[in-house]
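Before any comments, here is the structure.
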Amino acid sequence: ESQFAFYAADTGAECALYWDFVGGAFATSSSSSIECAGTVIPNMGGNGYDVPSVFNIDLAPEPYCAIVSVTKTETPAQTTIESRGYNTCDVGNPRRVERAIRVIY
């Protein structure tokens with residue numbers, strides 16, 4: 001179950017990295033839509049500095065999901081992606097496992 005949660009976290013981080021590098025989706029001055037795991041997520045970015053853009057990824061038909069946060073800072077100029085993956089999207093499940101990945105560049 002831990003590996004499934006890690007896989008979900010990695011999927012979320014990779015999706016955010018892709019859209020940041022290829023599409024500039026998390027720009028501080030404008031917003032755009034992204035697509036992760038077949039789901040279009042509107043209004044990413046445009047929040048300014050130090051305000052995270054947060055989105056969820058549901059990896060259906062598997063029960064896994066992730067919550068991803070992308071934050072841009074001006075000083076120092078950096079981007080932080082935090083992706084929390086779960087082996088189940090059911091928040092009431094007592095066997096729910098969370099694994100996280102943080103990427104800073």
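Lettering and numbering for the structure tokens are positional, with chains as A, B, ... in the shown order, residues counted from 1 in each chain, and ligands counted from 1 in the shown order.
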
Chain A: residues DSSP assigns to strand (DSSP E), reported as a count of residues only: 44

Spatial neighbours of A:Ser53, max dist 10 Å, only C-alpha atoms, sep filter under 5 positions, as a list in words: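 Near neighbours after the sequence-gap exclusion: Ala25, Phe26, Ala27, Thr28, Ser31, Asn43, Met44, Gly45, Gly46, Asn47, Gly48, Val68, Ser69, Val70, Thr71, Lys72 and Ile81 of chain A.
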
Interatomic distance (Å, one decimal) between atom CA of A:Gln78 and atom CA of A:Phe21: 13.0 Å
